[in-house]
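Okay, start-v2.cif now, which holds mmCIF, C-alpha atoms:
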```cif
data_data
loop_
_atom_site.group_PDB
_atom_site.id
_atom_site.type_symbol
_atom_site.label_atom_id
_atom_site.label_comp_id
_atom_site.auth_asym_id
_atom_site.auth_seq_id
_atom_site.Cartn_x
_atom_site.Cartn_y
_atom_site.Cartn_z
ATOM 1 C CA MET Q 1 0.000 0.000 0.000
ATOM 2 C CA SER Q 2 2.830 2.414 0.806
ATOM 3 C CA THR Q 3 4.336 1.660 -2.605
ATOM 4 C CA LEU Q 4 1.034 2.426 -4.289
ATOM 5 C CA ALA Q 5 0.729 5.694 -2.346
ATOM 6 C CA HIS Q 6 4.291 6.746 -3.200
ATOM 7 C CA ASP Q 7 4.092 5.768 -6.866
ATOM 8 C CA GLY Q 8 0.572 7.119 -7.209
ATOM 9 C CA THR Q 9 1.704 10.498 -5.872
ATOM 10 C CA ALA Q 10 4.521 10.580 -8.419
ATOM 11 C CA MET Q 11 2.105 9.758 -11.248
ATOM 12 C CA LEU Q 12 -0.298 12.385 -9.912
ATOM 13 C CA GLY Q 13 2.461 14.989 -10.213
ATOM 14 C CA ARG Q 14 3.192 13.856 -13.754
ATOM 15 C CA GLN Q 15 -0.458 14.141 -14.723
ATOM 16 C CA LEU Q 16 -0.847 17.611 -13.195
ATOM 17 C CA GLN Q 17 2.250 18.771 -15.079
ATOM 18 C CA ARG Q 18 0.767 17.355 -18.255
ATOM 19 C CA ILE Q 19 -2.451 19.292 -17.694
ATOM 20 C CA ARG Q 20 -0.447 22.446 -16.963
ATOM 21 C CA ASN Q 21 1.300 22.108 -20.322
ATOM 22 C CA THR Q 22 -2.034 22.061 -22.212
ATOM 23 C CA PRO Q 23 -3.757 25.221 -20.923
ATOM 24 C CA GLY Q 24 -5.951 25.565 -24.006
ATOM 25 C CA LEU Q 25 -7.641 22.226 -23.406
ATOM 26 C CA LEU Q 26 -7.978 23.029 -19.705
ATOM 27 C CA ILE Q 27 -9.647 26.385 -20.397
ATOM 28 C CA LEU Q 28 -12.014 24.799 -22.928
ATOM 29 C CA THR Q 29 -13.142 22.045 -20.572
ATOM 30 C CA GLN Q 30 -13.672 24.502 -17.716
ATOM 31 C CA THR Q 31 -15.577 27.125 -19.702
ATOM 32 C CA MET Q 32 -17.837 24.780 -21.680
ATOM 33 C CA PRO Q 33 -20.195 24.054 -18.716
ATOM 34 C CA ILE Q 34 -20.543 27.809 -18.073
ATOM 35 C CA THR Q 35 -21.395 28.388 -21.721
ATOM 36 C CA MET Q 36 -23.984 25.612 -21.597
ATOM 37 C CA LEU Q 37 -25.491 27.041 -18.409
ATOM 38 C CA LEU Q 38 -25.964 30.451 -20.007
ATOM 39 C CA PHE Q 39 -27.290 28.993 -23.265
ATOM 40 C CA PHE Q 40 -29.621 26.342 -21.855
ATOM 41 C CA GLY Q 41 -30.663 28.485 -18.908
ATOM 42 C CA TYR Q 42 -31.836 31.405 -21.004
ATOM 43 C CA VAL Q 43 -32.970 29.621 -24.175
ATOM 44 C CA PHE Q 44 -34.601 26.448 -22.825
ATOM 45 C CA GLY Q 45 -35.877 28.239 -19.735
ATOM 46 C CA SER Q 46 -38.234 30.271 -21.863
ATOM 47 C CA ALA Q 47 -39.717 27.154 -23.509
ATOM 48 C CA LEU Q 48 -40.330 24.948 -20.455
ATOM 49 C CA ALA Q 49 -42.853 25.021 -17.647
ATOM 50 C CA MET Q 50 -40.050 26.170 -15.318
ATOM 51 C CA PRO Q 51 -39.030 29.558 -16.712
ATOM 52 C CA GLY Q 52 -36.213 31.840 -15.663
ATOM 53 C CA GLU Q 53 -34.420 31.352 -12.362
ATOM 54 C CA GLU Q 54 -36.470 28.272 -11.464
ATOM 55 C CA TYR Q 55 -35.167 26.376 -14.478
ATOM 56 C CA ARG Q 56 -31.601 27.630 -13.983
ATOM 57 C CA SER Q 57 -31.699 26.347 -10.391
ATOM 58 C CA PHE Q 58 -32.937 23.024 -11.766
ATOM 59 C CA LEU Q 59 -30.249 23.043 -14.448
ATOM 60 C CA VAL Q 60 -27.143 23.795 -12.370
ATOM 61 C CA PRO Q 61 -26.993 20.361 -10.640
ATOM 62 C CA GLY Q 62 -27.715 18.651 -13.957
ATOM 63 C CA LEU Q 63 -24.835 20.405 -15.690
ATOM 64 C CA LEU Q 64 -22.525 19.631 -12.775
ATOM 65 C CA VAL Q 65 -23.270 15.918 -13.152
ATOM 66 C CA ALA Q 66 -23.138 16.018 -16.953
ATOM 67 C CA THR Q 67 -19.668 17.568 -16.641
ATOM 68 C CA ALA Q 68 -18.663 14.871 -14.167
ATOM 69 C CA ALA Q 69 -19.814 12.224 -16.656
ATOM 70 C CA ASN Q 70 -17.349 13.713 -19.139
ATOM 71 C CA GLY Q 71 -14.694 11.967 -17.074
ATOM 72 C CA ILE Q 72 -15.329 9.104 -19.500
ATOM 73 C CA MET Q 73 -14.236 11.248 -22.423
ATOM 74 C CA THR Q 74 -11.201 12.896 -20.801
ATOM 75 C CA GLY Q 75 -9.996 9.672 -19.201
ATOM 76 C CA MET Q 76 -10.344 7.804 -22.479
ATOM 77 C CA PHE Q 77 -8.534 10.412 -24.552
ATOM 78 C CA GLN Q 78 -5.605 10.828 -22.152
ATOM 79 C CA ALA Q 79 -5.110 7.077 -21.716
ATOM 80 C CA ALA Q 80 -5.325 6.452 -25.464
ATOM 81 C CA GLN Q 81 -2.905 9.302 -26.129
ATOM 82 C CA ASP Q 82 -0.328 7.770 -23.770
ATOM 83 C CA VAL Q 83 -0.695 4.371 -25.429
ATOM 84 C CA HIS Q 84 -0.574 5.780 -28.948
ATOM 85 C CA ARG Q 85 2.596 7.796 -28.246
ATOM 86 C CA GLY Q 86 4.404 4.952 -26.494
ATOM 87 C CA VAL Q 87 4.345 6.586 -23.057
ATOM 88 C CA THR Q 88 2.447 3.705 -21.501
ATOM 89 C CA ASP Q 89 5.000 1.159 -22.736
ATOM 90 C CA ARG Q 90 7.830 3.210 -21.213
ATOM 91 C CA LEU Q 91 5.990 3.524 -17.906
ATOM 92 C CA ARG Q 92 5.500 -0.254 -17.820
ATOM 93 C CA THR Q 93 9.263 -0.709 -17.802
ATOM 94 C CA LEU Q 94 9.579 1.246 -14.541
ATOM 95 C CA PRO Q 95 9.568 -0.572 -11.171
ATOM 96 C CA ILE Q 96 6.317 1.020 -10.003
ATOM 97 C CA ASN Q 97 2.998 -0.313 -8.794
ATOM 98 C CA ARG Q 98 0.805 -1.194 -11.778
ATOM 99 C CA ALA Q 99 -2.185 0.647 -10.295
ATOM 100 C CA ALA Q 100 -0.215 3.873 -9.770
ATOM 101 C CA VAL Q 101 -0.482 5.241 -13.313
ATOM 102 C CA PRO Q 102 -4.283 4.990 -13.743
ATOM 103 C CA LEU Q 103 -4.754 6.039 -10.109
ATOM 104 C CA GLY Q 104 -2.614 9.142 -10.602
ATOM 105 C CA GLN Q 105 -4.568 10.047 -13.731
ATOM 106 C CA SER Q 106 -7.958 9.643 -12.053
ATOM 107 C CA VAL Q 107 -6.998 11.610 -8.919
ATOM 108 C CA ALA Q 108 -5.531 14.442 -11.012
ATOM 109 C CA ASP Q 109 -8.744 14.553 -13.044
ATOM 110 C CA VAL Q 110 -10.822 14.869 -9.855
ATOM 111 C CA MET Q 111 -8.600 17.695 -8.591
ATOM 112 C CA VAL Q 112 -8.985 19.629 -11.845
ATOM 113 C CA THR Q 113 -12.738 19.027 -11.774
ATOM 114 C CA ALA Q 114 -12.950 20.339 -8.207
ATOM 115 C CA ALA Q 115 -11.090 23.502 -9.200
ATOM 116 C CA GLY Q 116 -13.299 23.997 -12.255
ATOM 117 C CA THR Q 117 -16.466 23.605 -10.179
ATOM 118 C CA VAL Q 118 -15.768 26.855 -8.309
ATOM 119 C CA PRO Q 119 -16.167 29.317 -11.226
ATOM 120 C CA PHE Q 120 -19.155 27.357 -12.506
ATOM 121 C CA LEU Q 121 -20.938 27.674 -9.163
ATOM 122 C CA LEU Q 122 -20.120 31.379 -9.001
ATOM 123 C CA VAL Q 123 -21.768 31.868 -12.380
ATOM 124 C CA GLY Q 124 -24.678 29.752 -11.144
ATOM 125 C CA LEU Q 125 -25.105 32.097 -8.190
ATOM 126 C CA ALA Q 126 -25.010 35.059 -10.566
ATOM 127 C CA VAL Q 127 -27.903 33.670 -12.660
ATOM 128 C CA GLY Q 128 -30.133 32.807 -9.711
ATOM 129 C CA TRP Q 129 -29.067 29.393 -8.411
ATOM 130 C CA ARG Q 130 -28.962 29.076 -4.614
ATOM 131 C CA VAL Q 131 -28.146 26.471 -1.975
ATOM 132 C CA GLU Q 132 -31.446 26.142 -0.115
ATOM 133 C CA LYS Q 133 -30.282 23.609 2.484
ATOM 134 C CA SER Q 134 -27.462 23.442 5.024
ATOM 135 C CA PRO Q 135 -23.779 23.961 4.153
ATOM 136 C CA LEU Q 136 -23.082 20.403 5.340
ATOM 137 C CA GLN Q 137 -25.558 18.998 2.821
ATOM 138 C CA ALA Q 138 -24.009 21.161 0.098
ATOM 139 C CA VAL Q 139 -20.558 19.789 0.938
ATOM 140 C CA GLY Q 140 -22.021 16.281 0.773
ATOM 141 C CA ALA Q 141 -23.431 17.054 -2.677
ATOM 142 C CA LEU Q 142 -20.016 18.198 -3.932
ATOM 143 C CA GLY Q 143 -18.352 15.133 -2.429
ATOM 144 C CA LEU Q 144 -20.843 12.883 -4.213
ATOM 145 C CA LEU Q 145 -20.201 14.772 -7.443
ATOM 146 C CA LEU Q 146 -16.433 14.239 -7.229
ATOM 147 C CA LEU Q 147 -16.912 10.564 -6.350
ATOM 148 C CA PHE Q 148 -18.980 10.155 -9.511
ATOM 149 C CA ARG Q 149 -16.294 11.923 -11.556
ATOM 150 C CA PHE Q 150 -13.693 9.569 -10.053
ATOM 151 C CA ALA Q 151 -15.785 6.553 -11.082
ATOM 152 C CA THR Q 152 -16.416 7.764 -14.633
ATOM 153 C CA THR Q 153 -12.726 8.538 -15.149
ATOM 154 C CA TRP Q 154 -11.901 4.877 -14.528
ATOM 155 C CA ILE Q 155 -14.384 3.924 -17.261
ATOM 156 C CA GLY Q 156 -12.586 6.280 -19.633
ATOM 157 C CA ILE Q 157 -9.131 5.006 -18.694
ATOM 158 C CA PHE Q 158 -10.155 1.431 -19.416
ATOM 159 C CA LEU Q 159 -11.736 2.342 -22.749
ATOM 160 C CA GLY Q 160 -8.696 4.435 -23.699
ATOM 161 C CA LEU Q 161 -6.331 1.548 -22.965
ATOM 162 C CA LEU Q 162 -8.664 -0.684 -24.970
ATOM 163 C CA THR Q 163 -8.893 1.529 -28.070
ATOM 164 C CA ARG Q 164 -5.164 2.441 -28.089
ATOM 165 C CA SER Q 165 -5.844 5.227 -30.597
ATOM 166 C CA GLU Q 166 -6.324 8.981 -30.128
ATOM 167 C CA GLU Q 167 -8.618 9.155 -33.156
ATOM 168 C CA ALA Q 168 -10.805 6.260 -32.014
ATOM 169 C CA ALA Q 169 -10.950 7.660 -28.482
ATOM 170 C CA GLY Q 170 -11.980 11.056 -29.825
ATOM 171 C CA GLN Q 171 -14.773 9.578 -31.919
ATOM 172 C CA LEU Q 172 -16.004 7.302 -29.145
ATOM 173 C CA GLY Q 173 -15.717 10.121 -26.618
ATOM 174 C CA GLY Q 174 -17.988 12.297 -28.742
ATOM 175 C CA ALA Q 175 -20.692 9.665 -28.410
ATOM 176 C CA THR Q 176 -20.727 10.130 -24.622
ATOM 177 C CA PHE Q 177 -22.524 13.470 -25.080
ATOM 178 C CA ILE Q 178 -25.750 11.508 -25.541
ATOM 179 C CA LEU Q 179 -25.615 10.143 -21.977
ATOM 180 C CA PRO Q 180 -26.863 13.326 -20.231
ATOM 181 C CA LEU Q 181 -29.584 13.655 -22.874
ATOM 182 C CA LEU Q 182 -30.939 10.267 -21.772
ATOM 183 C CA SER Q 183 -31.275 11.433 -18.166
ATOM 184 C CA ASN Q 184 -32.971 14.094 -16.060
ATOM 185 C CA ALA Q 185 -29.966 16.443 -16.253
ATOM 186 C CA TYR Q 186 -31.715 18.960 -18.515
ATOM 187 C CA ILE Q 187 -35.436 18.171 -18.272
ATOM 188 C CA PRO Q 188 -37.721 16.326 -15.818
ATOM 189 C CA THR Q 189 -38.447 12.723 -16.767
ATOM 190 C CA GLU Q 190 -42.076 12.688 -15.606
ATOM 191 C CA GLY Q 191 -43.401 13.596 -19.044
ATOM 192 C CA LEU Q 192 -41.374 11.025 -20.984
ATOM 193 C CA PRO Q 193 -42.929 7.860 -22.457
ATOM 194 C CA GLY Q 194 -42.868 4.920 -20.052
ATOM 195 C CA TRP Q 195 -39.986 2.977 -21.583
ATOM 196 C CA LEU Q 196 -37.894 6.110 -22.110
ATOM 197 C CA ARG Q 197 -38.525 7.328 -18.568
ATOM 198 C CA THR Q 198 -37.393 3.967 -17.192
ATOM 199 C CA LEU Q 199 -34.233 4.102 -19.302
ATOM 200 C CA ALA Q 200 -33.511 7.667 -18.201
ATOM 201 C CA GLU Q 201 -34.088 6.974 -14.508
ATOM 202 C CA TRP Q 202 -31.774 3.957 -14.508
ATOM 203 C CA ASN Q 203 -29.070 6.129 -16.040
ATOM 204 C CA PRO Q 204 -26.508 6.804 -13.258
ATOM 205 C CA ILE Q 205 -26.512 10.489 -14.223
ATOM 206 C CA SER Q 206 -30.168 10.747 -13.178
ATOM 207 C CA ALA Q 207 -29.550 9.344 -9.705
ATOM 208 C CA VAL Q 208 -26.593 11.651 -9.033
ATOM 209 C CA THR Q 209 -28.423 14.678 -10.463
ATOM 210 C CA THR Q 210 -31.468 14.006 -8.277
ATOM 211 C CA ALA Q 211 -29.215 13.582 -5.243
ATOM 212 C CA LEU Q 212 -27.552 16.951 -5.875
ATOM 213 C CA ARG Q 213 -30.895 18.688 -6.398
ATOM 214 C CA ASP Q 214 -32.146 17.190 -3.160
ATOM 215 C CA LEU Q 215 -29.022 18.062 -1.156
ATOM 216 C CA PHE Q 216 -28.881 21.595 -2.558
ATOM 217 C CA GLY Q 217 -32.641 22.006 -2.091
ATOM 218 C CA ASN Q 218 -33.227 22.909 -5.736
ATOM 219 C CA ALA Q 219 -35.955 20.351 -6.536
ATOM 220 C CA PRO Q 220 -37.803 17.594 -4.647
ATOM 221 C CA VAL Q 221 -37.284 13.917 -5.325
ATOM 222 C CA PRO Q 222 -39.863 12.952 -7.997
ATOM 223 C CA GLU Q 223 -42.654 10.592 -6.996
ATOM 224 C CA GLY Q 224 -43.149 7.256 -8.701
ATOM 225 C CA ALA Q 225 -39.597 7.167 -10.076
ATOM 226 C CA ALA Q 226 -37.354 4.127 -10.464
ATOM 227 C CA TRP Q 227 -35.448 3.047 -7.340
ATOM 228 C CA PRO Q 228 -32.144 4.904 -8.007
ATOM 229 C CA VAL Q 229 -34.007 8.199 -8.476
ATOM 230 C CA ALA Q 230 -36.557 7.581 -5.712
ATOM 231 C CA HIS Q 231 -33.612 6.974 -3.314
ATOM 232 C CA PRO Q 232 -31.039 9.239 -4.984
ATOM 233 C CA ILE Q 233 -28.230 9.257 -2.414
ATOM 234 C CA ALA Q 234 -28.276 5.480 -1.969
ATOM 235 C CA GLY Q 235 -28.713 5.056 -5.730
ATOM 236 C CA SER Q 236 -25.754 7.336 -6.471
ATOM 237 C CA LEU Q 237 -23.492 5.534 -4.024
ATOM 238 C CA MET Q 238 -24.605 2.207 -5.490
ATOM 239 C CA TRP Q 239 -23.781 3.308 -9.047
ATOM 240 C CA CYS Q 240 -20.374 4.699 -8.013
ATOM 241 C CA ALA Q 241 -19.524 1.486 -6.163
ATOM 242 C CA VAL Q 242 -20.584 -0.673 -9.120
ATOM 243 C CA LEU Q 243 -18.654 1.396 -11.670
ATOM 244 C CA LEU Q 244 -15.496 1.408 -9.557
ATOM 245 C CA ALA Q 245 -15.768 -2.298 -8.740
ATOM 246 C CA VAL Q 246 -16.043 -3.155 -12.432
ATOM 247 C CA PHE Q 247 -13.809 -0.666 -14.246
ATOM 248 C CA ALA Q 248 -10.957 0.033 -11.804
ATOM 249 C CA PRO Q 249 -9.748 -3.619 -11.815
ATOM 250 C CA LEU Q 250 -10.283 -3.825 -15.571
ATOM 251 C CA ALA Q 251 -8.238 -0.663 -16.149
ATOM 252 C CA VAL Q 252 -5.393 -1.807 -13.890
ATOM 253 C CA ARG Q 253 -5.304 -5.246 -15.524
ATOM 254 C CA ARG Q 254 -5.357 -3.740 -19.003
ATOM 255 C CA TYR Q 255 -2.544 -1.368 -18.119
ATOM 256 C CA ALA Q 256 -0.460 -4.116 -16.526
ATOM 257 C CA HIS Q 257 -0.778 -6.581 -19.408
ATOM 258 C CA GLY Q 258 -0.975 -4.267 -22.404
ATOM 259 C CA GLU Q 259 -2.455 -5.757 -25.557
ATOM 260 C CA GLY Q 260 -2.422 -9.158 -23.966
#
```
Is it possible to express this structure as structure tokens?
Amino acid sequence: MSTLAHDGTAMLGRQLQRIRNTPGLLILTQTMPITMLLFFGYVFGSALAMPGEEYRSFLVPGLLVATAANGIMTGMFQAAQDVHRGVTDRLRTLPINRAAVPLGQSVADVMVTAAGTVPFLLVGLAVGWRVEKSPLQAVGALGLLLLFRFATTWIGIFLGLLTRSEEAAGQLGGATFILPLLSNAYIPTEGLPGWLRTLAEWNPISAVTTALRDLFGNAPVPEGAAWPVAHPIAGSLMWCAVLLAVFAPLAVRRYAHGEG
């Protein structure tokens, strides 16, 4: 364990330095959620039954979780880039714990996400979003958000090691944009057709979004929803545990054994 902690810290430093050397990508990923908040909040808010500030308060948690789900895309692209450029093969030759490299990447991603959440929330406050419950519940909501980002990053790392190509990772990563659309991140699911509502409510994004709305006090838990949405905190923790239990071992094994 001490070896993993030591090696993981070293790989964390490497990943943070890598992010520092690509400021353009960092700025793009941090400003995109703010742009979406302003666009969706003022355009969609005028077309839904929740106009103005009410919809923007509903939207802020959804965009936070949709951004966290993008851990799939960023994790996939960075892992595939390392494989494609031969960095992963060089790292395998070093006497370090095999879990350290993906662990360092995922922790660095969570740290960058945490930093990027601050300006987004400030803009949210400027457009009418508020924390309606206690500060402790708000901290719990942010902790749950970062846990979900940590879990989705492991999915991306595994897929990036599997694809082994920057181009393939970029194309597959683009497809992940549909995931928030099949959830309650942007609109309530109550008005959807039965089969589509069920699909949306069993989407992990829906459970985490509902949990954040509940903890922030922005919207009540919907009645008659599927179990993960009807019990959003337990459902969110369940999804995070399942995703980590499945994809973290797969990513470590794939990194350790390469193409084999």
remark   = Computed gap from CA of Leu144 (chain Q) to CA of Pro119 (chain Q) is 18.5 Å
ask   = Can you list, as number ranges by chain, every protein, DNA or RNA residue that comes within 12 Å of His257 (chain Q) when you count only C-alpha atoms, leaving out same-chain residues fewer than 2 positions away?
value = Q: 88-89, 92-93, 98-99, 161-162, 250-255, 259-260
task = Pick out the residues sitting within 9 Å of Leu4 (chain Q), and hand them over as a ChimeraX atom specification; count only C-alpha atoms, and ignore anything fewer than 4 positions along from it in its own chain.
result = /Q:8-9,96-100,103
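What separates CA of Ala151 (chain Q) from CA of Leu237 (chain Q) is a distance of 10.5 Å.
Among the candidate residues Q:Ser206, Q:Gln30, Q:Thr152, Q:Thr176, the one lying nearest to Gly75 (chain Q) is Q:Thr152, with distances computed using only C-alpha atoms.
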ask   = Which of these, Q:Pro33, Q:Pro102, Q:Pro180, Q:Gly194, has the shortest distance to Val60 (chain Q) once you count all atoms listed in the file?
value =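 Smallest separation from Val60 (chain Q) among the options: Q:Pro33.
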key: Hits from the PyMOL selection byres ((chain Q and resi 66) around 9), listed as a list in words   =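 Taken over the shown coordinates, the PyMOL selection byres ((chain Q and resi 66) around 9) returns Pro33, Pro61, Gly62, Leu63, Leu64, Val65, Thr67, Ala68, Ala69, Asn70, Phe177, Leu179, Pro180, Ala185, Ile205 and Thr209 of chain Q.
Taken over the whole file, the PyMOL selection byres ((chain Q and resi 78-81) around 7) covers exactly Thr74, Gly75, Met76, Phe77, Asp82, Val83, His84, Arg85, Ile157, Gly160, Leu161, Thr163, Arg164, Ser165, Glu166 and Ala169 of chain Q.
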key: Pairwise distance for CA of Gly71 (chain Q) and CA of Phe216 (chain Q), rounded to one decimal in Å   =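 Computing it gives 22.5 Å between the two atoms.
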